[in-house]
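Dropping model.txt in here (compact mmCIF, C-alpha atoms and all ligand atoms):
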# COMPACT_ATOMS: atom_id res chain seq x y z
CA LEU A 21 105.48 118.82 96.19
CA LYS A 22 108.72 118.24 94.35
CA SER A 23 109.51 116.43 91.17
CA SER A 24 112.28 113.85 91.30
CA LEU A 25 115.11 115.90 89.86
CA PRO A 26 116.20 114.62 86.50
CA ASN A 27 119.97 114.22 86.73
CA ALA A 28 121.42 113.32 83.40
CA SER A 29 121.10 109.58 82.96
CA PRO A 30 120.72 107.95 79.55
CA PRO A 31 117.23 106.98 78.38
CA SER A 32 116.44 103.29 78.80
CA GLU A 33 116.90 100.94 75.86
CA VAL A 34 114.32 98.59 77.34
CA ARG A 35 111.22 97.75 75.33
CA LEU A 36 108.29 95.98 76.96
CA GLN A 37 105.21 94.18 75.72
CA PRO A 38 101.78 95.18 77.12
CA ALA A 39 100.95 91.50 77.78
CA ASP A 40 104.04 91.11 80.00
CA ILE A 41 103.04 94.15 82.04
CA GLN A 42 99.46 92.97 82.34
CA ALA A 43 100.62 89.55 83.52
CA VAL A 44 102.69 90.91 86.42
CA CYS A 45 99.94 93.39 87.37
CA GLN A 46 97.49 90.51 87.49
CA GLN A 47 99.88 88.54 89.71
CA GLN A 48 99.75 91.44 92.17
CA GLY A 49 95.96 91.34 92.19
CA PHE A 50 95.19 94.33 89.96
CA GLU A 51 92.01 93.59 88.07
CA LEU A 52 92.56 96.50 85.68
CA CYS A 53 95.70 97.50 83.82
CA GLY A 54 96.27 99.81 80.88
CA VAL A 55 99.31 101.51 79.35
CA LEU A 56 99.82 105.00 77.96
CA SER A 57 102.82 106.35 76.09
CA ILE A 58 104.28 109.50 77.61
CA ALA A 59 103.07 111.54 74.62
CA GLN A 60 99.53 110.38 75.17
CA ALA A 61 99.75 110.89 78.94
CA GLN A 62 101.04 114.44 78.46
CA GLY A 63 98.06 115.25 76.23
CA VAL A 64 95.67 113.84 78.83
CA ALA A 65 97.44 115.71 81.65
CA ARG A 66 97.31 119.03 79.80
CA GLN A 67 93.60 118.70 79.22
CA ALA A 68 92.85 117.43 82.75
CA GLY A 69 95.14 120.13 84.17
CA SER A 70 93.12 122.92 82.57
CA SER A 71 89.86 121.39 83.88
CA LEU A 72 91.50 121.24 87.31
CA GLN A 73 92.46 124.92 87.03
CA ALA A 74 88.83 125.83 86.33
CA TRP A 75 87.70 123.69 89.31
CA LEU A 76 90.23 125.44 91.54
CA GLN A 77 89.33 128.92 90.30
CA ALA A 78 85.72 128.24 91.26
CA GLY A 79 86.89 127.48 94.83
CA ASN A 80 85.83 123.83 94.76
CA GLN A 81 88.95 122.77 96.68
CA ALA A 82 87.76 124.50 99.89
CA ASP A 83 90.90 124.90 102.05
CA MET A 84 92.89 122.08 100.38
CA HIS A 85 95.41 124.50 98.93
CA TRP A 86 98.01 121.79 98.38
CA ILE A 87 95.97 120.93 95.27
CA ASP A 88 96.69 124.42 93.82
CA ARG A 89 100.43 123.91 94.36
CA SER A 90 100.37 120.55 92.61
CA VAL A 91 98.97 121.85 89.28
CA PRO A 92 102.30 122.29 87.40
CA LEU A 93 103.41 118.72 88.14
CA ARG A 94 99.94 117.32 87.50
CA SER A 95 99.97 118.93 84.07
CA ASP A 96 103.05 117.04 82.87
CA PRO A 97 103.87 113.51 84.11
CA ALA A 98 107.29 113.72 82.43
CA LEU A 99 108.33 116.03 85.28
CA LEU A 100 107.86 113.26 87.83
CA MET A 101 110.72 111.00 86.72
CA PRO A 102 113.67 111.42 84.35
CA ASN A 103 113.21 109.79 80.93
CA THR A 104 109.61 108.69 81.52
CA GLN A 105 108.43 106.87 78.41
CA SER A 106 105.29 105.07 79.55
CA LEU A 107 102.65 105.02 82.26
CA VAL A 108 101.05 101.84 83.55
CA VAL A 109 97.64 102.61 85.06
CA VAL A 110 96.14 100.01 87.40
CA GLY A 111 92.87 99.51 89.26
CA LEU A 112 92.05 97.25 92.19
CA ASN A 113 88.57 96.44 93.53
CA TYR A 114 88.38 97.29 97.26
CA TYR A 115 84.70 96.60 97.91
CA PRO A 116 84.43 95.00 101.34
CA PRO A 117 81.97 92.14 101.93
CA ALA A 118 78.40 93.19 102.77
CA THR A 119 78.67 91.83 106.33
CA GLU A 120 81.08 94.63 107.18
CA THR A 121 79.01 97.60 106.05
CA ALA A 122 76.39 98.01 108.75
CA THR A 123 78.10 100.21 111.32
CA THR A 124 76.81 103.51 112.62
CA PRO A 125 78.45 105.97 112.62
CA LYS A 126 79.56 104.94 109.16
CA VAL A 127 83.02 104.83 107.58
CA ALA A 128 83.63 105.03 103.83
CA ARG A 129 84.43 101.61 102.43
CA TYR A 130 87.83 102.65 101.16
CA ALA A 131 89.01 103.28 104.73
CA ARG A 132 87.79 100.09 106.41
CA GLY A 133 90.92 98.11 105.58
CA GLN A 134 94.59 99.08 105.63
CA ASP A 135 95.70 102.42 104.23
CA TYR A 136 95.50 101.94 100.47
CA HIS A 137 98.41 104.28 99.76
CA ARG A 138 100.82 101.79 101.30
CA VAL A 139 99.13 98.68 99.94
CA ILE A 140 98.90 99.86 96.31
CA LYS A 141 102.38 101.34 96.34
CA HIS A 142 103.79 98.09 97.73
CA LYS A 143 102.10 96.16 94.92
CA LEU A 144 103.37 98.57 92.27
CA ARG A 145 106.90 98.16 93.64
CA HIS A 146 106.51 94.40 93.18
CA VAL A 147 105.32 94.96 89.60
CA LEU A 148 108.43 97.05 88.95
CA LYS A 149 110.72 94.45 90.55
CA ALA A 150 109.19 91.67 88.47
CA LEU A 151 109.76 93.67 85.28
CA GLN A 152 113.32 94.48 86.39
CA GLN A 153 114.11 90.77 86.78
CA GLN A 154 113.91 90.49 82.99
CA ASN A 155 115.23 94.03 82.35
CA PRO A 156 117.72 95.01 85.08
CA SER A 157 118.31 98.53 83.69
CA LEU A 158 114.59 99.41 83.81
CA LYS A 159 113.68 102.31 86.10
CA GLY A 160 110.26 103.22 87.42
CA ARG A 161 108.33 105.18 90.00
CA PRO A 162 105.05 104.08 91.63
CA LEU A 163 102.47 106.82 92.32
CA VAL A 164 99.32 106.52 94.39
CA ASP A 165 96.67 109.17 94.92
CA SER A 166 98.59 111.75 96.97
CA ALA A 167 101.23 112.02 94.22
CA PRO A 168 100.64 114.78 91.66
CA VAL A 169 99.31 112.77 88.74
CA MET A 170 95.83 112.90 87.20
CA GLU A 171 95.11 109.23 87.88
CA ARG A 172 91.43 109.21 86.96
CA ALA A 173 91.98 110.98 83.63
CA MET A 174 94.88 108.60 82.91
CA ALA A 175 92.68 105.62 83.78
CA VAL A 176 89.96 106.81 81.38
CA ALA A 177 92.51 107.34 78.59
CA ALA A 178 94.03 103.90 79.25
CA GLY A 179 90.60 102.29 78.73
CA LEU A 180 89.91 101.32 82.36
CA GLY A 181 86.44 102.91 82.44
CA TRP A 182 84.59 106.21 82.19
CA GLN A 183 84.21 109.10 84.59
CA GLY A 184 80.74 108.86 86.15
CA LYS A 185 78.65 111.92 86.94
CA HIS A 186 79.71 111.50 90.58
CA SER A 187 83.29 112.02 89.26
CA ASN A 188 84.61 108.54 90.12
CA LEU A 189 85.91 106.10 87.54
CA ILE A 190 83.39 103.37 86.67
CA ASN A 191 84.45 100.12 85.06
CA PRO A 192 81.65 98.18 83.32
CA SER A 193 82.65 94.90 85.02
CA HIS A 194 83.69 96.12 88.47
CA GLY A 195 81.76 99.34 89.16
CA SER A 196 83.50 102.21 90.95
CA TRP A 197 84.88 100.71 94.18
CA LEU A 198 88.36 100.93 92.72
CA PHE A 199 91.73 102.14 93.92
CA LEU A 200 93.86 103.56 91.13
CA GLY A 201 97.63 103.71 90.84
CA VAL A 202 100.23 104.65 88.25
CA LEU A 203 103.67 103.22 87.55
CA LEU A 204 105.99 105.47 85.54
CA LEU A 205 108.52 103.57 83.42
CA ASP A 206 111.55 104.73 81.47
CA ALA A 207 110.89 102.01 78.87
CA VAL A 208 108.91 102.14 75.66
CA VAL A 209 105.93 99.78 75.66
CA GLU A 210 105.38 98.29 72.21
CA ASP A 211 102.06 98.55 70.38
CA VAL A 212 100.39 101.03 72.69
CA ILE A 213 97.47 102.45 70.73
CA GLU A 214 97.81 106.21 70.51
CA ALA A 215 94.24 107.01 71.46
CA ASP A 216 92.93 110.53 71.24
CA PRO A 217 91.58 111.28 74.72
CA VAL A 218 89.06 113.80 73.33
CA ASP A 219 87.54 112.02 70.38
CA ALA A 220 85.93 108.61 70.50
CA SER A 221 88.53 105.92 70.23
CA PRO A 222 88.56 102.12 70.31
CA THR A 223 90.63 102.19 73.50
CA LEU A 224 88.12 104.29 75.42
CA THR A 225 85.21 102.82 77.36
CA PRO A 226 81.93 104.50 76.30
CA ASP A 227 80.10 106.67 78.82
CA PHE A 228 77.34 104.44 80.19
CA CYS A 229 75.81 106.97 82.62
CA GLY A 230 73.22 107.82 79.99
CA ARG A 231 70.24 109.69 81.46
CA CYS A 232 70.78 108.34 84.97
CA THR A 233 70.87 110.99 87.70
CA ARG A 234 70.68 108.77 90.79
CA CYS A 235 73.93 109.98 92.36
CA ILE A 236 72.93 113.62 91.85
CA SER A 237 69.52 113.15 93.48
CA ALA A 238 70.92 111.06 96.33
CA CYS A 239 73.69 113.47 97.36
CA PRO A 240 72.37 115.01 100.59
CA THR A 241 74.26 118.28 100.10
CA GLN A 242 73.92 118.81 96.31
CA ALA A 243 77.70 118.63 95.88
CA ILE A 244 77.75 117.14 92.36
CA ASP A 245 77.98 119.22 89.19
CA PRO A 246 76.36 116.86 86.67
CA VAL A 247 77.63 118.74 83.62
CA LYS A 248 81.28 119.01 84.59
CA ARG A 249 81.14 115.69 86.51
CA THR A 250 82.92 117.24 89.45
CA VAL A 251 82.27 117.46 93.16
CA ASN A 252 82.39 120.74 95.07
CA SER A 253 84.39 119.98 98.21
CA GLN A 254 82.72 122.89 100.01
CA GLN A 255 79.48 120.88 99.92
CA CYS A 256 80.79 117.31 100.09
CA LEU A 257 80.56 115.25 103.30
CA ALA A 258 83.80 113.45 102.40
CA TYR A 259 85.73 116.74 102.53
CA TRP A 260 84.11 117.92 105.73
CA THR A 261 84.49 114.65 107.63
CA ILE A 262 88.04 113.82 106.48
CA GLU A 263 89.95 116.95 105.46
CA ASN A 264 88.36 119.78 107.41
CA THR A 265 89.51 120.10 111.02
CA ALA A 266 87.48 123.11 112.22
CA PRO A 267 86.16 122.66 115.77
CA ALA A 268 82.55 122.54 114.53
CA LEU A 269 80.83 121.54 111.27
CA PRO A 270 78.61 124.17 109.60
CA PRO A 271 74.85 123.54 110.06
CA GLY A 272 74.16 122.56 106.40
CA ILE A 273 76.76 119.78 106.73
CA ALA A 274 76.17 118.73 110.35
CA ASP A 275 72.44 118.34 109.67
CA ASN A 276 73.03 116.19 106.59
CA LEU A 277 75.68 113.72 107.72
CA ASN A 278 73.28 110.78 107.36
CA GLY A 279 75.40 108.87 109.86
CA TRP A 280 78.74 109.29 108.03
CA MET A 281 81.61 109.98 110.42
CA PHE A 282 84.46 109.42 107.93
CA GLY A 283 83.86 109.98 104.23
CA CYS A 284 80.61 109.29 102.41
CA ASP A 285 79.69 106.53 99.98
CA ILE A 286 76.14 107.61 99.15
CA CYS A 287 76.72 108.58 95.51
CA GLN A 288 78.51 105.29 94.84
CA GLU A 289 76.03 103.18 96.82
CA VAL A 290 73.12 104.26 94.62
CA CYS A 291 74.92 103.85 91.29
CA PRO A 292 73.32 101.08 89.21
CA TRP A 293 76.74 100.02 87.96
CA ASN A 294 77.78 99.24 91.53
CA LEU A 295 74.46 97.66 92.45
CA LYS A 296 74.89 95.28 89.52
CA HIS A 297 78.64 94.65 89.50
CA GLN A 298 80.07 95.22 92.97
CA HIS A 299 81.76 92.13 94.38
CA PRO A 300 83.95 91.52 97.42
CA THR A 301 87.60 92.42 97.15
CA ALA A 302 90.11 89.63 96.72
CA GLU A 303 92.72 91.66 98.63
CA PRO A 304 92.91 90.67 102.33
CA ALA A 305 94.43 94.04 103.29
CA PHE A 306 91.17 95.75 102.29
CA LEU A 307 88.92 93.60 104.46
CA ALA A 308 87.87 95.47 107.59
CA GLN A 309 90.84 95.35 109.95
CA ASN A 310 90.00 97.78 112.70
CA PRO A 311 87.16 96.73 115.01
CA VAL A 312 86.87 100.32 116.25
CA LEU A 313 85.80 101.39 112.75
CA THR A 314 83.67 98.40 111.89
CA GLN A 315 82.00 97.38 115.13
CA ASP A 316 82.34 100.06 117.76
CA PRO A 317 82.94 103.57 116.33
CA LEU A 318 81.38 105.15 119.43
CA SER A 319 84.37 103.97 121.49
CA LEU A 320 86.34 106.75 119.76
CA LEU A 321 84.50 109.25 121.95
CA THR A 322 86.34 108.06 125.06
CA MET A 323 89.63 107.09 123.42
CA ASP A 324 92.86 108.96 124.25
CA ASP A 325 95.21 110.18 121.55
CA THR A 326 97.99 107.67 122.30
CA THR A 327 95.60 104.74 122.00
CA PHE A 328 94.15 106.24 118.80
CA LYS A 329 97.56 106.55 117.17
CA GLN A 330 98.40 102.95 118.04
CA ALA A 331 95.03 101.56 116.95
CA PHE A 332 94.98 103.54 113.68
CA ALA A 333 98.67 103.24 112.74
CA HIS A 334 97.79 101.44 109.47
CA SER A 335 94.51 103.21 108.73
CA ALA A 336 93.73 106.02 106.31
CA ALA A 337 91.74 107.58 109.18
CA LEU A 338 94.95 108.27 111.17
CA ARG A 339 95.67 111.49 109.24
CA THR A 340 92.24 112.90 110.04
CA GLY A 341 92.96 112.65 113.76
CA LEU A 342 90.95 111.73 116.82
CA LEU A 343 89.53 115.21 117.53
CA THR A 344 87.98 115.52 114.08
CA LEU A 345 86.47 112.04 114.24
CA GLN A 346 85.05 112.83 117.69
CA ARG A 347 83.59 116.09 116.29
CA ASN A 348 81.91 114.13 113.50
CA ILE A 349 80.45 111.48 115.82
CA GLN A 350 79.14 114.13 118.16
CA ALA A 351 77.43 115.90 115.25
CA ILE A 352 75.77 112.61 114.25
CA LEU A 353 74.58 112.00 117.80
CA ASN A 354 73.20 115.56 118.06
CA ASP A 355 71.35 115.33 114.75
S1 LIG B 401 80.51 111.70 98.68
FE1 LIG B 401 78.49 112.12 99.59
S2 LIG B 401 78.41 114.32 99.88
FE2 LIG B 401 80.12 113.91 98.46
S3 LIG B 401 79.23 114.05 96.42
FE3 LIG B 401 79.01 111.91 97.01
S4 LIG B 401 76.98 111.76 97.98
FE4 LIG B 401 77.54 113.92 97.88
S1 LIG B 402 74.50 106.93 89.58
FE1 LIG B 402 73.97 107.10 87.41
S2 LIG B 402 74.68 109.13 86.80
FE2 LIG B 402 75.66 108.65 88.74
S3 LIG B 402 77.63 107.78 88.14
FE3 LIG B 402 76.20 106.06 88.40
S4 LIG B 402 75.36 105.69 86.34
FE4 LIG B 402 76.34 107.70 86.32
Let me see the structure of the file written as structure tokens.
Ligand code: SF4
Ligand code: SF4
Amino acid sequence: LKSSLPNASPPSEVRLQPADIQAVCQQQGFELCGVLSIAQAQGVARQAGSSLQAWLQAGNQADMHWIDRSVPLRSDPALLMPNTQSLVVVGLNYYPPATETATTPKVARYARGQDYHRVIKHKLRHVLKALQQQNPSLKGRPLVDSAPVMERAMAVAAGLGWQGKHSNLINPSHGSWLFLGVLLLDAVVEDVIEADPVDASPTLTPDFCGRCTRCISACPTQAIDPVKRTVNSQQCLAYWTIENTAPALPPGIADNLNGWMFGCDICQEVCPWNLKHQHPTAEPAFLAQNPVLTQDPLSLLTMDDTTFKQAFAHSAALRTGLLTLQRNIQAILND
């Protein structure tokens, strides 16, 4: 992971209005949009970075050691682009229509459509281009998920929602089926409220989890730490079915797959905020695209690697690979 190296270029003179940014984000289909100044984002990143360190020291990352290497950049968003002055944080509802959810083996909803990394980044590039039409000297950098930025903490600080006990961001109007993205800008955004990310602030959404513990009780492998609001990857089906490529799953995981062959949505499915507010995505790219995932997952068992790579060229499941998906399906069938 490398930062974009800051060669000496003068800071931007551009100043933007939050309403202008929100308007172009809305045009690209983002339901949620908030803005942080770089000073505020650095405070959030420092705090979230030290929580991440504690999570890593406890071994929660399993064998995903790339997370350890990303800590320095995650702890300071100013390192990701020269002269960063502001961060635009966006959210997009990806919940697929109910008719597409009843497959077994099951695939996490976020992976039923096109790979969100490409889709969200493409949209953020369009946001940047639209802003550059009015301000040609404006520079920016879109970041999505795999980039070293603490998106969820930034989203909370920007007022997009609160971090649920299952660790995902929850928005009171949209629930938690949300993709997040960040656009770094070298322009100052006027009138951004300098919220304190620690203390209560008018820009922060209150924590509406209350006494609810549904996600904690529903998790089949007890992966959720309700106090820290983190998930231990060593016990999470999403880690084992997506990231881990060992030839066989350990018994405590294999016996608890509950039909999930790629990811796991259980903790989000039971959340009352989703049950009340989830609604189909307006983004066509996130409707189920791949009939292998949505109608006939068992056909993966007899698929060859060349066919898999062609069929999954635009899917987030491509990176996991055919052998790992076959391992997962076999474990479900043996259960
Ligand atoms: S994704 Fe599944 S296994 Fe992981 S914390 Fe949520 S319910 Fe538990
Ligand atoms: S299920 Fe309950 S505790 Fe878990 S995130 Fe949702 S509201 Fe919070």
ask   = Given a cut-off of 12 Å, what residues near ligand LIG 402 (chain B) show up using all atoms listed in the file, put as an MDAnalysis selection string?
value = chainID A and resid 181:192 195:197 226:239 244:247 249:251 285:297
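Atom to atom, CA of Gly54 in chain A and CA of Glu210 in chain A stand 12.7 Å apart.
The two atoms in question, CA of Leu107 in chain A and CA of Ala61 in chain A, are spaced 7.3 Å apart.
Going from CA of Ser335 in chain A to CA of Ala131 in chain A covers 6.8 Å.
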key: Counting only C-alpha atoms, the option among A:Cys284, A:Lys329, A:Pro271, A:Lys149 closest to Gln48 in chain A   = A:Lys149
ask   = Skipping near chain neighbours, those fewer than 2 positions away, what residues fall within 9 Å of Asn103 in chain A using all atoms listed in the file, listed as a ChimeraX atom specification?
value = /A:26,29-32,98,101,105,205-207
May I have the residues from that selection written out with C-alpha atoms, as a tab-separated table (two decimals), in the frame of the given file?
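Result file follows (out16.tsv):
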chain	number	residue	atom	x	y	z
A	26	PRO	CA	116.20	114.62	86.50
A	29	SER	CA	121.10	109.58	82.96
A	30	PRO	CA	120.72	107.95	79.55
A	31	PRO	CA	117.23	106.98	78.38
A	32	SER	CA	116.44	103.29	78.80
A	98	ALA	CA	107.29	113.72	82.43
A	101	MET	CA	110.72	111.00	86.72
A	105	GLN	CA	108.43	106.87	78.41
A	205	LEU	CA	108.52	103.57	83.42
A	206	ASP	CA	111.55	104.73	81.47
A	207	ALA	CA	110.89	102.01	78.87
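Residue nearest ligand LIG 401 (chain B), chosen from A:Thr104, A:Thr225, A:Gln42, A:Gln255 and counting all atoms listed in the file: A:Gln255.
With only C-alpha atoms and all ligand atoms as the atoms that count, the minimum distance from ligand LIG 401 (chain B) to the choices A:Asn264, A:Thr326, A:Asn354, A:Gln254 is reached by A:Gln254.
Minimum distance to Asp211 in chain A across A:Leu56, A:Val91, A:Cys45, A:Ile352 (counting all atoms listed in the file) occurs at A:Leu56.
Distances to ligand LIG 401 (chain B) were evaluated for A:Val127, A:Ile140, A:Val312, A:Ala167 using all atoms listed in the file, and the minimum falls at A:Val127.
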ask   = Leaving out Leu72 in chain A and any residue of its chain fewer than 2 positions from it, which residues lie within 10 Å of it when counting only C-alpha atoms, given as a count of residues only?
value = 20
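Using all atoms listed in the file, the residues found no farther than 8 Å from Leu342 in chain A, other than those of its own chain fewer than 6 positions away, are Leu320, Asp325 and Phe328 of chain A.
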key: Closest of A:Arg161, A:Lys126, A:Arg35, A:His85 to Leu257 in chain A - atom-to-atom distances counting all atoms listed in the file   = A:Lys126
message = Given the point (91.8, 102.7, 86.5) in the file's coordinates, find the residues that have an atom at most 7 Å from it, counting all atoms listed in the file, and give them as number ranges by chain.
response = A: 52, 109-111, 172, 175-176, 180-181, 189, 200
